[in-house]
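Novice: Quick one, entry_36.tsv (TSV, C-alpha atoms and all ligand atoms):
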chain	number	residue	atom	x	y	z
C	1	MET	CA	68.65	153.41	155.72
C	2	GLN	CA	67.23	154.82	152.54
C	3	VAL	CA	68.70	155.31	149.09
C	4	VAL	CA	67.31	158.02	146.81
C	5	ILE	CA	68.44	158.08	143.20
C	6	LEU	CA	68.76	161.82	142.61
C	7	GLY	CA	70.02	161.53	139.05
C	8	SER	CA	69.76	158.43	136.86
C	9	GLY	CA	70.88	159.94	133.57
C	10	SER	CA	73.77	159.64	131.17
C	11	PRO	CA	76.35	162.34	130.39
C	12	LEU	CA	74.00	163.71	127.72
C	13	PRO	CA	71.39	166.24	128.91
C	14	ASP	CA	67.95	164.68	129.22
C	15	PRO	CA	64.69	166.39	130.16
C	16	GLU	CA	63.70	163.57	132.53
C	17	ARG	CA	67.00	162.46	134.05
C	18	ALA	CA	69.53	164.48	136.02
C	19	GLY	CA	73.22	163.56	135.97
C	20	PRO	CA	74.52	160.71	138.12
C	21	SER	CA	74.12	161.16	141.84
C	22	THR	CA	72.74	159.05	144.67
C	23	LEU	CA	71.69	160.13	148.15
C	24	VAL	CA	72.15	157.69	151.03
C	25	ARG	CA	70.13	158.67	154.09
C	26	THR	CA	71.77	157.04	157.10
C	27	SER	CA	71.34	157.20	160.86
C	28	ALA	CA	74.46	159.44	160.82
C	29	GLY	CA	73.08	161.88	158.24
C	30	ASP	CA	72.70	162.34	154.49
C	31	VAL	CA	75.62	161.26	152.32
C	32	LEU	CA	75.74	162.24	148.66
C	33	VAL	CA	77.53	160.00	146.18
C	34	ASP	CA	78.55	162.05	143.12
C	35	CYS	CA	77.24	165.46	142.06
C	36	GLY	CA	75.94	165.19	138.52
C	37	ARG	CA	73.98	167.78	136.59
C	38	GLY	CA	70.97	169.09	138.52
C	39	VAL	CA	71.86	167.44	141.81
C	40	LEU	CA	70.58	170.18	144.10
C	41	MET	CA	67.24	170.47	142.28
C	42	ARG	CA	66.70	166.77	142.84
C	43	ALA	CA	68.01	167.03	146.42
C	44	ALA	CA	65.39	169.70	147.08
C	45	ALA	CA	62.70	167.40	145.70
C	46	ALA	CA	63.97	164.66	148.02
C	47	GLY	CA	63.73	167.01	151.01
C	48	THR	CA	67.40	167.67	151.64
C	49	SER	CA	69.88	170.41	150.84
C	50	ALA	CA	73.55	171.24	150.47
C	51	GLY	CA	73.63	172.50	154.05
C	52	ALA	CA	72.31	169.20	155.40
C	53	LEU	CA	74.91	166.94	153.81
C	54	ARG	CA	77.18	164.98	156.10
C	55	ALA	CA	79.61	164.29	153.25
C	56	VAL	CA	80.03	164.15	149.49
C	57	LEU	CA	81.67	160.99	148.16
C	58	LEU	CA	83.03	161.13	144.62
C	59	THR	CA	83.40	157.84	142.76
C	60	HIS	CA	85.81	159.33	140.22
C	61	LEU	CA	86.71	162.58	138.55
C	62	HIS	CA	84.85	162.31	135.25
C	63	SER	CA	82.95	165.55	134.68
C	64	ASP	CA	79.46	164.03	134.55
C	65	HIS	CA	79.93	162.81	138.15
C	66	LEU	CA	81.02	166.15	139.63
C	67	THR	CA	79.82	168.92	137.35
C	68	ASP	CA	77.56	170.40	140.06
C	69	LEU	CA	80.06	170.16	142.91
C	70	ASN	CA	80.49	173.92	142.55
C	71	ASP	CA	76.76	174.35	143.20
C	72	VAL	CA	76.94	172.20	146.34
C	73	LEU	CA	79.93	174.18	147.66
C	74	THR	CA	78.44	177.60	146.90
C	75	THR	CA	74.92	176.85	148.06
C	76	ARG	CA	76.11	175.34	151.34
C	77	TRP	CA	78.30	178.40	151.92
C	78	VAL	CA	75.66	181.08	151.22
C	79	THR	CA	72.98	179.28	153.23
C	80	SER	CA	75.13	178.68	156.34
C	81	PHE	CA	75.29	181.12	159.25
C	82	ALA	CA	78.57	179.76	160.59
C	83	PRO	CA	81.49	178.10	158.83
C	84	SER	CA	80.42	174.58	157.92
C	85	PRO	CA	83.14	172.79	155.94
C	86	LEU	CA	81.86	170.49	153.21
C	87	ALA	CA	83.44	167.08	153.69
C	88	VAL	CA	84.48	165.77	150.28
C	89	VAL	CA	85.87	162.26	149.92
C	90	GLY	CA	87.23	161.04	146.61
C	91	PRO	CA	90.07	159.32	144.81
C	92	PRO	CA	93.57	160.79	144.47
C	93	GLY	CA	93.26	164.04	142.53
C	94	THR	CA	90.12	165.18	144.37
C	95	ALA	CA	91.90	167.90	146.36
C	96	GLY	CA	93.18	169.49	143.15
C	97	VAL	CA	89.72	169.44	141.59
C	98	VAL	CA	88.15	171.04	144.68
C	99	ARG	CA	90.87	173.72	144.70
C	100	ALA	CA	90.17	174.42	141.02
C	101	VAL	CA	86.42	174.67	141.66
C	102	GLU	CA	87.10	177.11	144.51
C	103	SER	CA	89.33	179.11	142.22
C	104	MET	CA	86.59	179.27	139.57
C	105	LEU	CA	84.26	180.65	142.23
C	106	ALA	CA	86.74	183.33	143.38
C	107	PRO	CA	85.00	186.38	141.81
C	108	ASP	CA	81.62	185.29	143.25
C	109	VAL	CA	83.18	184.75	146.68
C	110	GLU	CA	84.73	188.22	146.67
C	111	TYR	CA	81.45	189.86	145.58
C	112	ARG	CA	79.51	188.17	148.35
C	113	LEU	CA	82.09	188.82	151.04
C	114	ALA	CA	82.04	192.49	150.07
C	115	HIS	CA	78.25	192.64	150.06
C	116	HIS	CA	77.20	190.65	153.17
C	117	ASP	CA	78.48	191.96	156.49
C	118	ASP	CA	77.62	188.72	158.26
C	119	LEU	CA	79.48	186.54	155.76
C	120	THR	CA	83.13	186.68	156.71
C	121	TRP	CA	84.53	183.32	155.59
C	122	ARG	CA	85.20	181.68	152.25
C	123	PRO	CA	83.47	178.41	151.24
C	124	PRO	CA	85.13	175.87	153.54
C	125	SER	CA	85.83	172.32	152.44
C	126	ASP	CA	87.52	169.36	154.06
C	127	VAL	CA	88.90	166.98	151.43
C	128	THR	CA	90.01	163.41	152.06
C	129	GLU	CA	91.58	161.37	149.28
C	130	VAL	CA	91.22	157.60	149.52
C	131	ASP	CA	92.16	154.70	147.30
C	132	ASP	CA	90.34	152.04	149.26
C	133	GLY	CA	89.51	151.22	152.86
C	134	PRO	CA	87.58	153.00	155.61
C	135	VAL	CA	86.06	156.39	154.84
C	136	LEU	CA	83.79	157.27	157.76
C	137	GLU	CA	82.61	155.65	160.95
C	138	ASP	CA	79.93	157.16	163.16
C	139	GLY	CA	77.69	155.17	165.48
C	140	ALA	CA	76.06	152.38	163.50
C	141	VAL	CA	77.31	153.77	160.18
C	142	ARG	CA	80.45	152.56	158.49
C	143	ILE	CA	81.49	153.66	154.99
C	144	THR	CA	84.18	151.79	153.08
C	145	ALA	CA	85.70	152.41	149.64
C	146	ALA	CA	87.10	149.91	147.15
C	147	ARG	CA	89.14	150.70	144.06
C	148	THR	CA	87.31	149.54	140.93
C	149	ASP	CA	88.33	149.23	137.28
C	150	HIS	CA	87.43	152.15	134.99
C	151	ALA	CA	90.80	152.33	133.18
C	152	PRO	CA	92.12	154.51	131.65
C	153	VAL	CA	90.58	156.46	134.55
C	154	ARG	CA	93.34	155.73	137.04
C	155	HIS	CA	91.22	155.89	140.17
C	156	SER	CA	87.58	154.97	140.47
C	157	LEU	CA	85.85	153.96	143.66
C	158	ALA	CA	82.77	152.10	144.84
C	159	TYR	CA	81.42	152.85	148.29
C	160	ARG	CA	79.73	150.53	150.74
C	161	VAL	CA	77.52	152.02	153.44
C	162	ASP	CA	76.67	149.80	156.38
C	163	ASP	CA	74.08	151.13	158.79
C	164	GLY	CA	73.39	148.64	161.57
C	165	GLU	CA	72.34	145.38	159.98
C	166	SER	CA	71.81	146.61	156.44
C	167	ALA	CA	74.27	147.53	153.70
C	168	VAL	CA	74.20	149.17	150.29
C	169	VAL	CA	76.99	149.38	147.73
C	170	ILE	CA	77.11	152.28	145.28
C	171	ALA	CA	79.31	151.33	142.35
C	172	GLY	CA	80.55	154.11	140.15
C	173	ASP	CA	81.58	153.47	136.58
C	174	THR	CA	83.46	150.19	136.43
C	175	ARG	CA	84.02	146.98	134.61
C	176	PRO	CA	83.20	143.86	136.62
C	177	CYS	CA	86.09	143.38	139.06
C	178	ALA	CA	87.13	141.37	142.10
C	179	ALA	CA	87.38	144.44	144.33
C	180	LEU	CA	83.73	145.31	143.69
C	181	ASP	CA	82.69	141.71	144.31
C	182	ALA	CA	84.52	141.73	147.64
C	183	LEU	CA	82.90	145.03	148.66
C	184	CYS	CA	79.45	143.64	147.84
C	185	ALA	CA	79.82	140.48	149.93
C	186	GLY	CA	76.80	140.25	152.23
C	187	ALA	CA	75.33	143.59	151.07
C	188	ASP	CA	71.58	143.93	150.61
C	189	VAL	CA	71.36	146.43	147.76
C	190	LEU	CA	73.71	147.17	144.85
C	191	VAL	CA	73.31	150.43	142.95
C	192	HIS	CA	75.28	150.16	139.71
C	193	THR	CA	75.93	152.14	136.53
C	194	ALA	CA	74.68	150.25	133.48
C	195	VAL	CA	75.17	150.60	129.74
C	196	ARG	CA	73.24	148.91	126.94
C	197	ARG	CA	75.80	147.30	124.64
C	198	ASP	CA	73.16	146.34	122.07
C	199	LEU	CA	71.83	149.91	121.73
C	200	ILE	CA	75.26	151.55	121.67
C	201	GLU	CA	76.60	149.16	119.03
C	202	GLY	CA	73.42	149.76	117.04
C	203	ILE	CA	74.06	153.53	117.01
C	204	GLY	CA	77.57	152.86	115.70
C	205	LEU	CA	79.32	156.12	116.67
C	206	PRO	CA	83.00	155.45	117.44
C	207	ARG	CA	83.09	157.89	120.36
C	208	LEU	CA	80.00	156.27	121.87
C	209	ASN	CA	81.40	152.79	121.26
C	210	ASP	CA	84.38	153.81	123.39
C	211	VAL	CA	82.20	153.79	126.53
C	212	LEU	CA	81.69	150.04	126.20
C	213	ASP	CA	85.20	149.01	127.16
C	214	TYR	CA	85.27	150.68	130.58
C	215	HIS	CA	81.73	150.20	131.85
C	216	SER	CA	79.55	147.22	132.76
C	217	SER	CA	76.77	146.19	130.39
C	218	VAL	CA	73.39	145.25	131.86
C	219	PRO	CA	74.25	141.50	131.73
C	220	ASP	CA	77.64	142.29	133.36
C	221	VAL	CA	75.90	144.15	136.18
C	222	ALA	CA	73.39	141.32	136.64
C	223	ALA	CA	76.26	138.81	136.82
C	224	THR	CA	77.99	140.91	139.49
C	225	ALA	CA	74.77	141.06	141.54
C	226	ALA	CA	74.24	137.31	141.16
C	227	ARG	CA	77.84	136.43	142.10
C	228	CYS	CA	77.67	138.62	145.19
C	229	GLY	CA	74.22	137.45	146.28
C	230	VAL	CA	72.72	140.88	146.89
C	231	ALA	CA	68.94	140.96	147.35
C	232	THR	CA	68.21	143.97	145.17
C	233	LEU	CA	69.90	145.47	142.14
C	234	VAL	CA	69.27	149.07	141.13
C	235	LEU	CA	70.36	150.05	137.61
C	236	THR	CA	71.23	153.72	137.30
C	237	HIS	CA	73.37	156.18	135.28
C	238	LEU	CA	71.69	154.54	132.29
C	239	VAL	CA	73.61	154.91	129.02
C	240	PRO	CA	72.02	155.64	126.65
C	241	ALA	CA	69.03	157.04	128.54
C	242	PRO	CA	66.08	154.72	127.88
C	243	ALA	CA	63.46	156.00	125.48
C	244	PRO	CA	60.26	156.38	127.55
C	245	GLY	CA	58.46	153.06	127.72
C	246	THR	CA	61.55	150.94	127.06
C	247	GLU	CA	62.69	150.58	130.69
C	248	GLY	CA	61.24	147.08	130.67
C	249	GLU	CA	63.94	145.97	128.23
C	250	TRP	CA	66.60	146.95	130.77
C	251	HIS	CA	64.75	145.04	133.45
C	252	GLU	CA	64.42	141.99	131.24
C	253	GLN	CA	68.14	141.92	130.40
C	254	ALA	CA	69.09	142.18	134.08
C	255	ALA	CA	66.50	139.67	135.28
C	256	ALA	CA	67.85	137.12	132.77
C	257	GLY	CA	71.04	136.90	134.83
C	258	PHE	CA	69.93	137.78	138.36
C	259	GLU	CA	67.13	136.21	140.39
C	260	GLY	CA	66.74	138.99	142.98
C	261	ALA	CA	64.69	142.17	142.68
C	262	VAL	CA	65.68	144.48	139.81
C	263	LEU	CA	64.85	148.18	139.79
C	264	VAL	CA	65.50	150.36	136.76
C	265	ALA	CA	66.00	153.78	138.32
C	266	SER	CA	64.20	156.92	137.44
C	267	ASP	CA	65.04	160.17	139.23
C	268	LEU	CA	63.81	160.27	142.84
C	269	LEU	CA	63.34	156.52	143.12
C	270	VAL	CA	63.41	155.75	146.86
C	271	VAL	CA	64.67	152.37	148.06
C	272	GLU	CA	64.35	151.40	151.72
C	273	VAL	CA	67.40	149.29	152.55
C	274	THR	CA	66.65	146.56	155.05
C	275	ARG	CA	68.45	143.35	155.91
C	276	ARG	CA	68.36	141.06	152.83
C	277	ALA	CA	65.52	143.01	151.28
C	278	ALA	CA	64.56	146.34	149.86
C	279	ALA	CA	61.21	148.02	149.48
C	280	VAL	CA	60.41	150.73	146.99
C	281	ARG	CA	58.59	153.64	148.57
C	282	SER	CA	58.00	156.02	145.71
C	283	PRO	CA	57.98	154.33	142.34
C	284	GLY	CA	58.85	156.55	139.45
C	285	PRO	CA	57.64	156.12	135.88
C	286	GLY	CA	60.70	154.12	134.87
C	287	ARG	CA	60.58	151.62	137.70
C	288	HIS	CA	60.22	147.93	137.03
C	289	ALA	CA	60.39	145.54	139.95
C	290	SER	CA	60.45	141.78	139.67
Y	301	ZN	ZN	83.24	157.63	134.31
Please express the file's structure as structure tokens.
Ligand SMILES: [Zn+2]
Specialist:
Amino acid sequence: MQVVILGSGSPLPDPERAGPSTLVRTSAGDVLVDCGRGVLMRAAAAGTSAGALRAVLLTHLHSDHLTDLNDVLTTRWVTSFAPSPLAVVGPPGTAGVVRAVESMLAPDVEYRLAHHDDLTWRPPSDVTEVDDGPVLEDGAVRITAARTDHAPVRHSLAYRVDDGESAVVIAGDTRPCAALDALCAGADVLVHTAVRRDLIEGIGLPRLNDVLDYHSSVPDVAATAARCGVATLVLTHLVPAPAPGTEGEWHEQAAAGFEGAVLVASDLLVVEVTRRAAAVRSPGPGRHAS
């Protein structure tokens, strides 16, 4: 199994970092977790496409995590030669969001149906709402969701992907919580959103300060990884985006509380997930491994 960080950025546009999204390449196909800004550009760089996705898993319905879902739906539709429903899994409310995205696309859909004789169906989707529990099972692959704590966001999910002997957990935005700890038990790699409390407090903007109370700081994330005994921790969805050359500070803060390997994600970081270990195949400029 392989994890590719497609977008490691914050909600603010950044020339080097796409919005949050992570590709998990399993023996049952490619699974995309979240659809942040620029996801399909990064997917193309990683060698996959909207048409190749087995499923899209949404951690929650904040805009920065799904802003390019419309691109995934449209691109899959116009590049398919037979109806190929996009499987979308997400928390309660996901079906309404997908319906609204489809409604936004209505003029485009009508134009293309009128123009292409061989395109006779609308963009198909197959939405499953989950709050926790099993999501997908296929051969050696098992995907499980757990409800995490991103209040006042009512529903936020982390996903665990087991493929044979190895397991990765993709945490969305969350405070440290028992449900995430339980999901991580025995996993090899934890991919986790991380915010820098020291930098955000230093900026001193009230609206930015608000992000602190419903996310995990870097020491929080390290403590979760240490409690759960994962082998490798990947910090992603970095808020605020690190100034180039300062990724080492993030690494240092995490390594102070976690003895395993720490990777500070840059876009297109590839992590090979193996039992109790992880190897980095294509280090990006922001990568720091202990
Ligand atoms: Zn969020």
Novice: Just checking: using only C-alpha atoms and all ligand atoms, which residue out of C:Thr274, C:Ser27, C:Thr246, C:Ser156 ends up closest to ligand ZN 301 (chain Y)?
Specialist: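 Among the listed residues, the smallest separation from ligand ZN 301 (chain Y) belongs to C:Ser156.
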Novice: Please identify every polymer residue within 9 Å of ligand ZN 301 (chain Y), using all atoms listed in the file, and present the set as a CSV table (one decimal) with C-alpha atoms, in the frame of the given file.
Specialist:
chain,number,residue,atom,x,y,z
C,59,THR,CA,83.4,157.8,142.8
C,60,HIS,CA,85.8,159.3,140.2
C,61,LEU,CA,86.7,162.6,138.6
C,62,HIS,CA,84.8,162.3,135.2
C,63,SER,CA,83.0,165.6,134.7
C,64,ASP,CA,79.5,164.0,134.6
C,65,HIS,CA,79.9,162.8,138.2
C,150,HIS,CA,87.4,152.2,135.0
C,153,VAL,CA,90.6,156.5,134.6
C,156,SER,CA,87.6,155.0,140.5
C,172,GLY,CA,80.6,154.1,140.2
C,173,ASP,CA,81.6,153.5,136.6
C,174,THR,CA,83.5,150.2,136.4
C,211,VAL,CA,82.2,153.8,126.5
C,214,TYR,CA,85.3,150.7,130.6
C,215,HIS,CA,81.7,150.2,131.8
Novice: Using only C-alpha atoms, which residues sit within 9 Å of Asp138 (chain C) once same-chain residues fewer than 3 positions away are excluded, as a VMD selection string?
Specialist: chain C and resid 27 to 28 141 to 142
Novice: Of the candidates C:Ala226, C:Ala50, C:Leu119, C:Val135, which one gets nearest to Arg76 (chain C) if we count all atoms listed in the file?
Specialist: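 Closest to Arg76 (chain C) of all the choices is C:Ala50.
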Novice: Name the closest residue to Asp213 (chain C) among the candidates C:Glu201, C:Glu102, C:Asp71, C:Glu252; distances are taken between atoms, counting only C-alpha atoms.
Specialist: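 Between C:Glu201, C:Glu102, C:Asp71, C:Glu252, the residue approaching Asp213 (chain C) most closely is C:Glu201.
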Novice: Give me the residues within 8 Å of region 89-97 of chain C as number ranges by chain, counting all atoms listed in the file and dropping any in the same chain fewer than 3 places off.
Specialist: C: 55-61, 100-101, 127-131, 135, 155-157
Novice: Restricting the calculation to all atoms listed in the file: of C:Pro134, C:Leu263, C:Thr75, C:Leu183, which residue gets closest to Glu247 (chain C)?
Specialist: C:Leu263
Novice: What's the separation between CA of Leu23 (chain C) and CA of Arg275 (chain C), in Å to one decimal place?
Specialist: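 Taking CA of Leu23 (chain C) and CA of Arg275 (chain C), their separation equals 18.8 Å.
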Novice: When you count all atoms listed in the file, which of these residues is closest to Val230 (chain C): C:Leu73, C:Ala256, C:Ala187, C:Val271?
Specialist: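 Among the listed residues, C:Ala187 lies closest to Val230 (chain C).
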Novice: With 12 Å as the threshold, what does the neighbourhood of (75.1, 168.4, 142.1) contain in terms of residues, counting all atoms listed in the file? Coordinates are those of the file; answer as JSON, numbers by chain.
Specialist: {"C": [6, 7, 18, 19, 20, 21, 22, 23, 32, 33, 34, 35, 36, 37, 38, 39, 40, 41, 42, 43, 44, 49, 50, 53, 56, 57, 58, 63, 64, 65, 66, 67, 68, 69, 70, 71, 72, 73, 74, 75, 76]}
Novice: Taking into account only C-alpha atoms, which residue in the set C:Val24, C:Val195, C:Ala178, C:Leu233 is nearest to Ala46 (chain C)?
Specialist: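 Ranking C:Val24, C:Val195, C:Ala178, C:Leu233 by distance to Ala46 (chain C), first place goes to C:Val24.
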Novice: Expressed in Å to a single decimal, how great is the separation between CA of Leu180 (chain C) and CA of Thr144 (chain C)?
Specialist: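 Pair CA of Leu180 (chain C) / CA of Thr144 (chain C) returns 11.4 Å.
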Novice: Given all atoms listed in the file, how would the per-residue table for region 174-231 of chain C near region 163-169 of chain C read, listing every residue at most 8 Å away with its closest atom pair and distance in Å to one decimal, sorted by chain and number, as CSV?
Specialist:
residue,atom,partner,partner_atom,distance
C:Leu183,CA,C:Val169,CA,7.4
C:Cys184,CA,C:Val169,CA,6.2
C:Gly186,CA,C:Ala167,CA,7.8
C:Ala187,CA,C:Ala167,CA,4.9
C:Asp188,CA,C:Ala167,CA,5.5
C:Val189,CA,C:Val168,CA,4.7
C:Leu190,CA,C:Val169,CA,4.9
C:Val191,CA,C:Val169,CA,6.1
